Amino acid sequence: MSVVGTGLTLPFDVEPYGPGDSEYAAAQRLLTRAVGALGIRFADYVVADGEFARAPFLHTVNRLGLHAVVRLKENLPLLSGAVQRRFQPLAPTHVYHDGNDQVEVWDADDFDPWETLEWQTVRALRYRQHKPDGKLVEATWLTDFPSRQLSSLSLYHMAKSRWEIENQTFNDAKNRYGFEHTCHHEKNSVLLNYLITLLALTIERLYRIRYLHRGTHAVRSAEQLCRLLWVSLARPLSPNTS
């Protein structure tokens, strides 16, 4: 689990699961523990992929005092079909310019919940993101945030923060911190290995982004700092005076 949407992505806990368990159930345990340990004010919402668009998980999120922003996929065919039929013939509700991208948004908060979901209504947001190179990115999300409380553009940015988890937590942990390399097989050792790795990632990221960003230079990546370190440790060459 990571804190996102603040400009500084920080992983803060993990929850293992094994045979007979699931990522979906583990996420509920992790979320409950995190809110109990850190308090409700550490976050305003939970952003998750479509696997978590299930009533028990969404009810857990609400019970903990948080809002849910979850990807809407074909695992909810009735809601997905209703959103498709509603939005397909309509012009976008809003068109935004987000950096160099043009973003078309369809947004409505009066969809019927599915049978087991104890919400009065469901808000659905569909976006179509046009990139300068011609690439098109489309996705649909559901939430319990009412439109009077949260604008379409803010909801779009919340949905896109899902990629912070993927890129700045999972990818960084695996490719730069050896998160997939497990030298132990006993379950407590594996868990401690994961927690220590994430602690190292968090300390490094806080130090690099919050402390080292001094002067006029831009924030340097971990890779850039590593290269600068190797250069600074190199033995200077003696000038050739011959």
# chains A, B, ... in the order shown; residues from 1 in each chain; ligands from 1
call {"tool": "select_by_dssp", "arguments": {"residues": "segment 22-219 of chain A", "states": "strand (DSSP E)", "output": "PyMOL selection string"}}
result
chain A and resi 45-48+67-71+94-98+101-111+122-130+136-143
call {"tool": "write_last_selection", "arguments": {"atoms": "N, CA and C atoms", "output": "CSV table (one decimal), in the first residue's frame"}}
result
chain,number,residue,atom,x,y,z
A,45,TYR,N,-8.9,9.1,0.3
A,45,TYR,CA,-9.5,8.2,-0.6
A,45,TYR,C,-8.6,7.0,-0.9
A,46,VAL,N,-9.2,5.9,-1.4
A,46,VAL,CA,-8.5,4.7,-1.8
A,46,VAL,C,-8.6,4.6,-3.3
A,47,VAL,N,-7.5,4.5,-4.0
A,47,VAL,CA,-7.6,4.2,-5.5
A,47,VAL,C,-7.1,2.8,-5.7
A,48,ALA,N,-7.9,2.1,-6.6
A,48,ALA,CA,-7.6,0.6,-6.8
A,48,ALA,C,-8.0,0.2,-8.1
A,67,HIS,N,-13.2,7.6,0.9
A,67,HIS,CA,-13.9,7.4,-0.4
A,67,HIS,C,-13.2,6.4,-1.2
A,68,ALA,N,-13.9,5.8,-2.2
A,68,ALA,CA,-13.3,4.9,-3.1
A,68,ALA,C,-13.2,5.4,-4.5
A,69,VAL,N,-12.1,5.2,-5.2
A,69,VAL,CA,-12.0,5.5,-6.6
A,69,VAL,C,-11.4,4.2,-7.3
A,70,VAL,N,-12.2,3.5,-8.0
A,70,VAL,CA,-11.9,2.2,-8.5
A,70,VAL,C,-12.2,2.0,-9.9
A,71,ARG,N,-11.3,1.3,-10.6
A,71,ARG,CA,-11.4,1.1,-12.1
A,71,ARG,C,-12.7,0.3,-12.3
A,94,HIS,N,-16.9,17.4,-20.2
A,94,HIS,CA,-15.9,18.4,-20.1
A,94,HIS,C,-14.7,18.1,-21.0
A,95,VAL,N,-14.0,19.1,-21.5
A,95,VAL,CA,-12.8,18.9,-22.2
A,95,VAL,C,-11.7,19.7,-21.5
A,96,TYR,N,-10.6,19.1,-21.1
A,96,TYR,CA,-9.5,19.8,-20.4
A,96,TYR,C,-8.2,19.7,-21.1
A,97,HIS,N,-7.3,20.6,-20.8
A,97,HIS,CA,-6.0,20.5,-21.3
A,97,HIS,C,-5.1,20.3,-20.1
A,98,ASP,N,-4.5,19.1,-20.0
A,98,ASP,CA,-3.7,18.7,-18.9
A,98,ASP,C,-2.3,18.5,-19.3
A,101,ASP,N,-1.5,17.2,-22.9
A,101,ASP,CA,-2.6,16.2,-23.3
A,101,ASP,C,-4.0,17.0,-23.4
A,102,GLN,N,-4.8,16.5,-24.3
A,102,GLN,CA,-6.2,16.9,-24.3
A,102,GLN,C,-7.0,15.8,-23.7
A,103,VAL,N,-7.9,16.1,-22.7
A,103,VAL,CA,-8.6,15.0,-22.0
A,103,VAL,C,-10.1,15.3,-22.1
A,104,GLU,N,-10.8,14.3,-22.7
A,104,GLU,CA,-12.3,14.4,-22.8
A,104,GLU,C,-12.8,13.6,-21.7
A,105,VAL,N,-13.8,14.1,-21.0
A,105,VAL,CA,-14.4,13.4,-19.8
A,105,VAL,C,-15.9,13.3,-19.9
A,106,TRP,N,-16.4,12.1,-19.6
A,106,TRP,CA,-17.9,11.9,-19.5
A,106,TRP,C,-18.1,11.6,-18.0
A,107,ASP,N,-19.0,12.3,-17.3
A,107,ASP,CA,-19.1,12.2,-15.9
A,107,ASP,C,-20.6,12.2,-15.5
A,108,ALA,N,-21.1,11.3,-14.7
A,108,ALA,CA,-22.5,11.3,-14.2
A,108,ALA,C,-22.5,10.5,-12.9
A,109,ASP,N,-23.3,11.0,-11.9
A,109,ASP,CA,-23.3,10.4,-10.6
A,109,ASP,C,-24.6,9.8,-10.2
A,110,ASP,N,-25.4,9.3,-11.2
A,110,ASP,CA,-26.7,8.8,-10.9
A,110,ASP,C,-27.0,7.4,-11.4
A,111,PHE,N,-25.9,6.6,-11.5
A,111,PHE,CA,-26.0,5.2,-11.9
A,111,PHE,C,-26.5,4.4,-10.8
A,122,VAL,N,-24.1,5.4,-7.9
A,122,VAL,CA,-22.7,5.3,-8.3
A,122,VAL,C,-22.3,6.4,-9.3
A,123,ARG,N,-21.2,7.0,-9.0
A,123,ARG,CA,-20.7,8.0,-10.0
A,123,ARG,C,-19.7,7.3,-10.9
A,124,ALA,N,-19.8,7.5,-12.2
A,124,ALA,CA,-18.9,6.9,-13.2
A,124,ALA,C,-18.3,8.0,-14.0
A,125,LEU,N,-17.0,7.9,-14.2
A,125,LEU,CA,-16.2,8.8,-15.0
A,125,LEU,C,-15.5,8.1,-16.1
A,126,ARG,N,-15.7,8.5,-17.3
A,126,ARG,CA,-15.0,7.9,-18.4
A,126,ARG,C,-14.1,9.0,-19.0
A,127,TYR,N,-12.8,8.7,-19.3
A,127,TYR,CA,-11.9,9.7,-19.9
A,127,TYR,C,-11.3,9.1,-21.1
A,128,ARG,N,-11.0,10.1,-22.0
A,128,ARG,CA,-10.3,9.8,-23.3
A,128,ARG,C,-9.1,10.7,-23.3
A,129,GLN,N,-7.9,10.3,-23.2
A,129,GLN,CA,-6.7,11.1,-23.1
A,129,GLN,C,-5.9,11.1,-24.4
A,130,HIS,N,-5.9,12.2,-25.0
A,130,HIS,CA,-5.2,12.3,-26.3
A,130,HIS,C,-3.8,12.9,-26.1
A,136,LEU,N,-3.8,7.2,-27.7
A,136,LEU,CA,-5.1,7.4,-27.1
A,136,LEU,C,-5.2,6.5,-25.9
A,137,VAL,N,-5.5,7.1,-24.7
A,137,VAL,CA,-5.7,6.3,-23.5
A,137,VAL,C,-7.1,6.5,-23.0
A,138,GLU,N,-7.8,5.3,-22.8
A,138,GLU,CA,-9.2,5.4,-22.4
A,138,GLU,C,-9.4,4.5,-21.1
A,139,ALA,N,-10.3,4.9,-20.2
A,139,ALA,CA,-10.6,4.1,-19.0
A,139,ALA,C,-11.9,4.7,-18.4
A,140,THR,N,-12.5,3.8,-17.6
A,140,THR,CA,-13.7,4.2,-16.9
A,140,THR,C,-13.5,3.8,-15.4
A,141,TRP,N,-14.0,4.7,-14.5
A,141,TRP,CA,-13.8,4.6,-13.1
A,141,TRP,C,-15.1,4.8,-12.4
A,142,LEU,N,-15.2,4.2,-11.2
A,142,LEU,CA,-16.4,4.4,-10.4
A,142,LEU,C,-16.0,5.0,-9.1
A,143,THR,N,-16.9,5.7,-8.4
A,143,THR,CA,-16.6,6.3,-7.1
A,143,THR,C,-17.8,6.7,-6.4
call {"tool": "residues_around", "arguments": {"residues": "Arg29 of chain A", "least_positions_apart": "4", "cutoff": "12 Å", "atoms": "only C-alpha atoms", "output": "count of residues only"}}
result
20
call {"tool": "atom_distance", "arguments": {"atom1": "atom CA of Thr32 of chain A", "atom2": "atom CA of Leu10 of chain A"}}
result
18.0 Å
call {"tool": "closest_residue", "arguments": {"among": "A:Asn100, A:Asn193, A:Gly18, A:Thr116", "to": "Gly134 of chain A", "atoms": "only C-alpha atoms"}}
result
A:Asn100
call {"tool": "select_by_dssp", "arguments": {"residues": "segment 12-180 of chain A", "states": "alpha helix (DSSP H)", "output": "number ranges by chain"}}
result
A: 23-38, 55-63, 77-87, 152-160, 162-164, 172-176
call {"tool": "decode", "arguments": {"residues": "segment 27-72 of chain A", "atoms": "N, CA and C atoms", "output": "PDB file, in the first residue's frame"}}
result
ATOM      1  N   ALA A  27      -6.029  -7.028   1.011  1.00  0.00           N
ATOM      2  CA  ALA A  27      -6.127  -5.569   0.921  1.00  0.00           C
ATOM      3  C   ALA A  27      -7.052  -5.002   1.990  1.00  0.00           C
ATOM      4  N   GLN A  28      -8.133  -5.718   2.302  1.00  0.00           N
ATOM      5  CA  GLN A  28      -9.040  -5.246   3.348  1.00  0.00           C
ATOM      6  C   GLN A  28      -8.372  -5.282   4.717  1.00  0.00           C
ATOM      7  N   ARG A  29      -7.611  -6.337   4.984  1.00  0.00           N
ATOM      8  CA  ARG A  29      -6.886  -6.407   6.257  1.00  0.00           C
ATOM      9  C   ARG A  29      -5.848  -5.297   6.357  1.00  0.00           C
ATOM     10  N   LEU A  30      -5.136  -5.084   5.251  1.00  0.00           N
ATOM     11  CA  LEU A  30      -4.096  -4.061   5.233  1.00  0.00           C
ATOM     12  C   LEU A  30      -4.679  -2.673   5.427  1.00  0.00           C
ATOM     13  N   LEU A  31      -5.770  -2.389   4.740  1.00  0.00           N
ATOM     14  CA  LEU A  31      -6.392  -1.068   4.843  1.00  0.00           C
ATOM     15  C   LEU A  31      -6.910  -0.821   6.256  1.00  0.00           C
ATOM     16  N   THR A  32      -7.535  -1.822   6.850  1.00  0.00           N
ATOM     17  CA  THR A  32      -8.049  -1.684   8.211  1.00  0.00           C
ATOM     18  C   THR A  32      -6.911  -1.437   9.193  1.00  0.00           C
ATOM     19  N   ARG A  33      -5.816  -2.177   9.039  1.00  0.00           N
ATOM     20  CA  ARG A  33      -4.674  -1.992   9.930  1.00  0.00           C
ATOM     21  C   ARG A  33      -4.030  -0.623   9.743  1.00  0.00           C
ATOM     22  N   ALA A  34      -3.928  -0.181   8.499  1.00  0.00           N
ATOM     23  CA  ALA A  34      -3.281   1.102   8.217  1.00  0.00           C
ATOM     24  C   ALA A  34      -4.048   2.265   8.825  1.00  0.00           C
ATOM     25  N   VAL A  35      -5.363   2.261   8.653  1.00  0.00           N
ATOM     26  CA  VAL A  35      -6.171   3.341   9.214  1.00  0.00           C
ATOM     27  C   VAL A  35      -6.124   3.297  10.737  1.00  0.00           C
ATOM     28  N   GLY A  36      -6.125   2.087  11.317  1.00  0.00           N
ATOM     29  CA  GLY A  36      -6.034   1.971  12.760  1.00  0.00           C
ATOM     30  C   GLY A  36      -4.713   2.479  13.310  1.00  0.00           C
ATOM     31  N   ALA A  37      -3.620   2.283  12.545  1.00  0.00           N
ATOM     32  CA  ALA A  37      -2.298   2.691  13.020  1.00  0.00           C
ATOM     33  C   ALA A  37      -2.011   4.166  12.742  1.00  0.00           C
ATOM     34  N   LEU A  38      -2.437   4.654  11.588  1.00  0.00           N
ATOM     35  CA  LEU A  38      -2.072   6.008  11.170  1.00  0.00           C
ATOM     36  C   LEU A  38      -3.174   7.028  11.394  1.00  0.00           C
ATOM     37  N   GLY A  39      -4.404   6.566  11.603  1.00  0.00           N
ATOM     38  CA  GLY A  39      -5.510   7.499  11.781  1.00  0.00           C
ATOM     39  C   GLY A  39      -6.159   7.847  10.457  1.00  0.00           C
ATOM     40  N   ILE A  40      -7.399   8.300  10.520  1.00  0.00           N
ATOM     41  CA  ILE A  40      -8.173   8.523   9.309  1.00  0.00           C
ATOM     42  C   ILE A  40      -7.636   9.683   8.482  1.00  0.00           C
ATOM     43  N   ARG A  41      -6.929  10.628   9.101  1.00  0.00           N
ATOM     44  CA  ARG A  41      -6.531  11.836   8.382  1.00  0.00           C
ATOM     45  C   ARG A  41      -5.322  11.620   7.471  1.00  0.00           C
ATOM     46  N   PHE A  42      -4.719  10.433   7.480  1.00  0.00           N
ATOM     47  CA  PHE A  42      -3.564  10.221   6.617  1.00  0.00           C
ATOM     48  C   PHE A  42      -3.965  10.093   5.153  1.00  0.00           C
ATOM     49  N   ALA A  43      -5.247   9.884   4.872  1.00  0.00           N
ATOM     50  CA  ALA A  43      -5.704   9.735   3.485  1.00  0.00           C
ATOM     51  C   ALA A  43      -7.144  10.194   3.368  1.00  0.00           C
ATOM     52  N   ASP A  44      -7.536  10.565   2.147  1.00  0.00           N
ATOM     53  CA  ASP A  44      -8.913  10.960   1.860  1.00  0.00           C
ATOM     54  C   ASP A  44      -9.654   9.923   1.029  1.00  0.00           C
ATOM     55  N   TYR A  45      -8.905   9.136   0.261  1.00  0.00           N
ATOM     56  CA  TYR A  45      -9.550   8.195  -0.646  1.00  0.00           C
ATOM     57  C   TYR A  45      -8.629   7.008  -0.877  1.00  0.00           C
ATOM     58  N   VAL A  46      -9.200   5.943  -1.407  1.00  0.00           N
ATOM     59  CA  VAL A  46      -8.469   4.749  -1.807  1.00  0.00           C
ATOM     60  C   VAL A  46      -8.623   4.599  -3.313  1.00  0.00           C
ATOM     61  N   VAL A  47      -7.519   4.462  -4.023  1.00  0.00           N
ATOM     62  CA  VAL A  47      -7.570   4.239  -5.470  1.00  0.00           C
ATOM     63  C   VAL A  47      -7.100   2.809  -5.732  1.00  0.00           C
ATOM     64  N   ALA A  48      -7.871   2.071  -6.558  1.00  0.00           N
ATOM     65  CA  ALA A  48      -7.573   0.649  -6.751  1.00  0.00           C
ATOM     66  C   ALA A  48      -8.000   0.207  -8.143  1.00  0.00           C
ATOM     67  N   ASP A  49      -7.438  -0.927  -8.564  1.00  0.00           N
ATOM     68  CA  ASP A  49      -7.756  -1.494  -9.868  1.00  0.00           C
ATOM     69  C   ASP A  49      -9.117  -2.192  -9.828  1.00  0.00           C
ATOM     70  N   GLY A  50      -9.586  -2.646 -10.989  1.00  0.00           N
ATOM     71  CA  GLY A  50     -10.931  -3.179 -11.132  1.00  0.00           C
ATOM     72  C   GLY A  50     -11.212  -4.416 -10.310  1.00  0.00           C
ATOM     73  N   GLU A  51     -10.170  -5.177  -9.925  1.00  0.00           N
ATOM     74  CA  GLU A  51     -10.385  -6.375  -9.108  1.00  0.00           C
ATOM     75  C   GLU A  51     -11.036  -6.022  -7.771  1.00  0.00           C
ATOM     76  N   PHE A  52     -10.835  -4.791  -7.317  1.00  0.00           N
ATOM     77  CA  PHE A  52     -11.345  -4.387  -6.009  1.00  0.00           C
ATOM     78  C   PHE A  52     -12.720  -3.723  -6.086  1.00  0.00           C
ATOM     79  N   ALA A  53     -13.315  -3.731  -7.266  1.00  0.00           N
ATOM     80  CA  ALA A  53     -14.667  -3.176  -7.411  1.00  0.00           C
ATOM     81  C   ALA A  53     -15.681  -4.220  -6.955  1.00  0.00           C
ATOM     82  N   ARG A  54     -15.650  -4.528  -5.678  1.00  0.00           N
ATOM     83  CA  ARG A  54     -16.537  -5.506  -5.066  1.00  0.00           C
ATOM     84  C   ARG A  54     -17.151  -4.865  -3.831  1.00  0.00           C
ATOM     85  N   ALA A  55     -18.391  -5.218  -3.568  1.00  0.00           N
ATOM     86  CA  ALA A  55     -19.129  -4.560  -2.494  1.00  0.00           C
ATOM     87  C   ALA A  55     -18.431  -4.654  -1.138  1.00  0.00           C
ATOM     88  N   PRO A  56     -17.949  -5.833  -0.689  1.00  0.00           N
ATOM     89  CA  PRO A  56     -17.316  -5.878   0.634  1.00  0.00           C
ATOM     90  C   PRO A  56     -16.118  -4.943   0.765  1.00  0.00           C
ATOM     91  N   PHE A  57     -15.294  -4.865  -0.279  1.00  0.00           N
ATOM     92  CA  PHE A  57     -14.138  -3.972  -0.222  1.00  0.00           C
ATOM     93  C   PHE A  57     -14.577  -2.515  -0.162  1.00  0.00           C
ATOM     94  N   LEU A  58     -15.541  -2.131  -0.988  1.00  0.00           N
ATOM     95  CA  LEU A  58     -16.026  -0.751  -0.994  1.00  0.00           C
ATOM     96  C   LEU A  58     -16.699  -0.405   0.330  1.00  0.00           C
ATOM     97  N   HIS A  59     -17.410  -1.357   0.919  1.00  0.00           N
ATOM     98  CA  HIS A  59     -18.026  -1.121   2.231  1.00  0.00           C
ATOM     99  C   HIS A  59     -16.952  -0.943   3.307  1.00  0.00           C
ATOM    100  N   THR A  60     -15.856  -1.717   3.217  1.00  0.00           N
ATOM    101  CA  THR A  60     -14.753  -1.555   4.163  1.00  0.00           C
ATOM    102  C   THR A  60     -14.137  -0.168   4.048  1.00  0.00           C
ATOM    103  N   VAL A  61     -13.928   0.288   2.821  1.00  0.00           N
ATOM    104  CA  VAL A  61     -13.386   1.630   2.594  1.00  0.00           C
ATOM    105  C   VAL A  61     -14.274   2.686   3.252  1.00  0.00           C
ATOM    106  N   ASN A  62     -15.575   2.603   3.018  1.00  0.00           N
ATOM    107  CA  ASN A  62     -16.507   3.580   3.592  1.00  0.00           C
ATOM    108  C   ASN A  62     -16.572   3.485   5.110  1.00  0.00           C
ATOM    109  N   ARG A  63     -16.550   2.259   5.632  1.00  0.00           N
ATOM    110  CA  ARG A  63     -16.600   2.075   7.080  1.00  0.00           C
ATOM    111  C   ARG A  63     -15.413   2.736   7.771  1.00  0.00           C
ATOM    112  N   LEU A  64     -14.285   2.796   7.064  1.00  0.00           N
ATOM    113  CA  LEU A  64     -13.088   3.420   7.621  1.00  0.00           C
ATOM    114  C   LEU A  64     -13.059   4.934   7.400  1.00  0.00           C
ATOM    115  N   GLY A  65     -14.136   5.478   6.813  1.00  0.00           N
ATOM    116  CA  GLY A  65     -14.236   6.919   6.631  1.00  0.00           C
ATOM    117  C   GLY A  65     -13.577   7.453   5.383  1.00  0.00           C
ATOM    118  N   LEU A  66     -13.324   6.595   4.395  1.00  0.00           N
ATOM    119  CA  LEU A  66     -12.644   7.002   3.172  1.00  0.00           C
ATOM    120  C   LEU A  66     -13.583   6.864   1.970  1.00  0.00           C
ATOM    121  N   HIS A  67     -13.240   7.564   0.897  1.00  0.00           N
ATOM    122  CA  HIS A  67     -13.929   7.403  -0.376  1.00  0.00           C
ATOM    123  C   HIS A  67     -13.166   6.401  -1.238  1.00  0.00           C
ATOM    124  N   ALA A  68     -13.863   5.839  -2.218  1.00  0.00           N
ATOM    125  CA  ALA A  68     -13.269   4.862  -3.123  1.00  0.00           C
ATOM    126  C   ALA A  68     -13.238   5.412  -4.540  1.00  0.00           C
ATOM    127  N   VAL A  69     -12.112   5.196  -5.223  1.00  0.00           N
ATOM    128  CA  VAL A  69     -11.961   5.506  -6.644  1.00  0.00           C
ATOM    129  C   VAL A  69     -11.396   4.240  -7.274  1.00  0.00           C
ATOM    130  N   VAL A  70     -12.239   3.506  -8.013  1.00  0.00           N
ATOM    131  CA  VAL A  70     -11.892   2.158  -8.456  1.00  0.00           C
ATOM    132  C   VAL A  70     -12.174   2.022  -9.947  1.00  0.00           C
ATOM    133  N   ARG A  71     -11.299   1.339 -10.629  1.00  0.00           N
ATOM    134  CA  ARG A  71     -11.448   1.110 -12.069  1.00  0.00           C
ATOM    135  C   ARG A  71     -12.693   0.268 -12.340  1.00  0.00           C
ATOM    136  N   LEU A  72     -13.465   0.672 -13.335  1.00  0.00           N
ATOM    137  CA  LEU A  72     -14.659  -0.072 -13.739  1.00  0.00           C
ATOM    138  C   LEU A  72     -14.326  -0.901 -14.971  1.00  0.00           C
TER     139      LEU A  72
END
